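Notes follow once the structure below has been shown.
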Amino acid sequence: MKYYSVKSAVAVFYYLLSVDNKILQEELRKFDEIGAEIDAANFMSYRNQVIWRCENQKRTTNYAKNYYDVISEGVDMELRAVIGDNENVIASRLLIWNLLVIAYSDAEYHPTERRLIEQIVRTSEMPTSVFQEMELLIRSAVEVENERNWLSYSGRPYNEVAPRIEALNRRIAYITESAKKLIDDEVMTPSIEALKIKTNVFDHVEGAVAPVTNRVRERFEPATSGVSNAVAPVGEKAGEVFESAKAAVSGIASDVGKSLGGFFGFGKKK
């Protein structure tokens, strides 16, 4: 497990939004929302400085073929930055979860976004199996939400649609709890042995939680045996991170049409 400063995490979020070589106004608004969510007290004091630093890094090349390398170098510099004594921090799993939420928030997971996130997974020493579980959970949530939206606007009778939407709500709640546990494991498990007996997060899905999630599972079902490798001795800041990590994956809103970011939230680190 590794920790990174929240300020560095904000810069990495900006780089992820930049990885396709353009930032739309809507994406900049999203960046501001994320920054305010994870560091409400301080974000605006360093927002412009972070953007300037990232943009200055991007300007180090005029060649499109080198653009990804420049972004990658910028991310590496941020994640290697020394954490000050009084800086807020974010744990590696929560950082990567938030990156996945950002990548999926526009319902499109671009190959360059995945490439950049995979790079961060490697440098953070997160087991591949844990990353794959995170991807699986978000993919499942997207499919469930798509089906829920379709039902809501299908024009079918309420008595036909309502039970199916309720079932989908239960699936979303299950996916949320599974993601929360996966993130919590990094900071709250006192023993590596305790993790070795954990089963796949989908092993206990109730019968009602089947069609959409199982379609994703059939395509992609990683094991979680590598989760134990992500556990490291917890330092002084672990307690601070733990309280926020418990809320990292927030309760699911029942309203149809919310964005994926609205589902899972962004972890606050103090």
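Convention: chains lettered A, B, ... in structure tokens order; per-chain residue numbering from 1; ligands numbered from 1 as shown.
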When you look at Gly74 (chain A) with a cut-off of 7 Å (counting only C-alpha atoms), what residues show up, excluding the ones that are within fewer than 4 positions of it in the same chain? I need them as an MDAnalysis selection string. chainID A and resid 57 70 78
Please dump the current selection as an mmCIF file, in the first residue's frame; keep N, CA and C atoms.
```
data_model
loop_
_atom_site.group_PDB
_atom_site.id
_atom_site.type_symbol
_atom_site.label_atom_id
_atom_site.label_comp_id
_atom_site.auth_asym_id
_atom_site.auth_seq_id
_atom_site.Cartn_x
_atom_site.Cartn_y
_atom_site.Cartn_z
ATOM 1 N N GLN A 57 4.010 21.007 -18.129
ATOM 2 C CA GLN A 57 4.568 19.702 -18.478
ATOM 3 C C GLN A 57 4.123 19.286 -19.875
ATOM 4 N N VAL A 70 4.781 12.357 -22.397
ATOM 5 C CA VAL A 70 4.861 13.563 -21.568
ATOM 6 C C VAL A 70 3.848 13.501 -20.427
ATOM 7 N N GLU A 78 4.384 13.362 -10.169
ATOM 8 C CA GLU A 78 3.421 13.640 -9.109
ATOM 9 C C GLU A 78 3.403 12.527 -8.070
#
```
When you count only C-alpha atoms, which of these residues is closest to Val50 (chain A): A:Leu151, A:Met126, A:Ala11, A:Ile71? A:Ala11
With only C-alpha atoms counted and 10 Å as the cut-off, give the residues of region 63-136 of chain A in contact with region 22-35 of chain A, each with its shortest interatomic distance in Å and the pair that gives it, as JSON lines.
```
{"residue": "A:Asn98", "atom": "CA", "partner": "A:Ile34", "partner_atom": "CA", "distance": 9.1}
{"residue": "A:Ile102", "atom": "CA", "partner": "A:Lys30", "partner_atom": "CA", "distance": 8.6}
{"residue": "A:Ser105", "atom": "CA", "partner": "A:Lys30", "partner_atom": "CA", "distance": 9.4}
{"residue": "A:Asp106", "atom": "CA", "partner": "A:Glu27", "partner_atom": "CA", "distance": 9.5}
```
Save the residues we just selected, C-alpha atoms, as a PDB file, in the first residue's frame?
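Final output, saved to again_27.pdb:
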```pdb
ATOM      1  CA  ASN A  98     -11.364   7.473  -8.264  1.00  0.00           C
ATOM      2  CA  ILE A 102     -13.509   9.523 -13.723  1.00  0.00           C
ATOM      3  CA  SER A 105     -18.135   8.942 -15.858  1.00  0.00           C
ATOM      4  CA  ASP A 106     -18.742   9.740 -19.537  1.00  0.00           C
TER       5      ASP A 106
END
```
In Å, rounded to a single decimal, give me how far CA of Ala9 (chain A) is from CA of Ile90 (chain A).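 Straight-line distance from CA of Ile90 (chain A) to CA of Ala9 (chain A) works out to 7.6 Å.
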Within 8 Å of Ile96 (chain A), counting only C-alpha atoms, which residues show up once you throw out same-chain ones fewer than 5 positions away? Write them as a PyMOL selection string, please. chain A and resi 117+120-121
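Between CA of Ser124 (chain A) and CA of Asn86 (chain A) the separation is 21.8 Å.
Excluding region 162-166 of chain A itself and any same-chain residue fewer than 6 positions from it, the protein and nucleic acid residues within 9 Å of it, counting only C-alpha atoms, are A:Glu147, A:Arg148, A:Leu151, A:Ser152, A:Ser254.
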Which of region 5-213 of chain A fall in alpha helix (DSSP H), as a PyMOL selection string: chain A and resi 6-18+25-38+43-58+67-80+92-104+111-123+128-152+158-188+192-196+211-213
Take CA of Ile38 (chain A) and CA of Pro127 (chain A) and report the distance between them in Å, one decimal.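 Atom-to-atom, CA of Ile38 (chain A) and CA of Pro127 (chain A) are spaced 24.6 Å apart.
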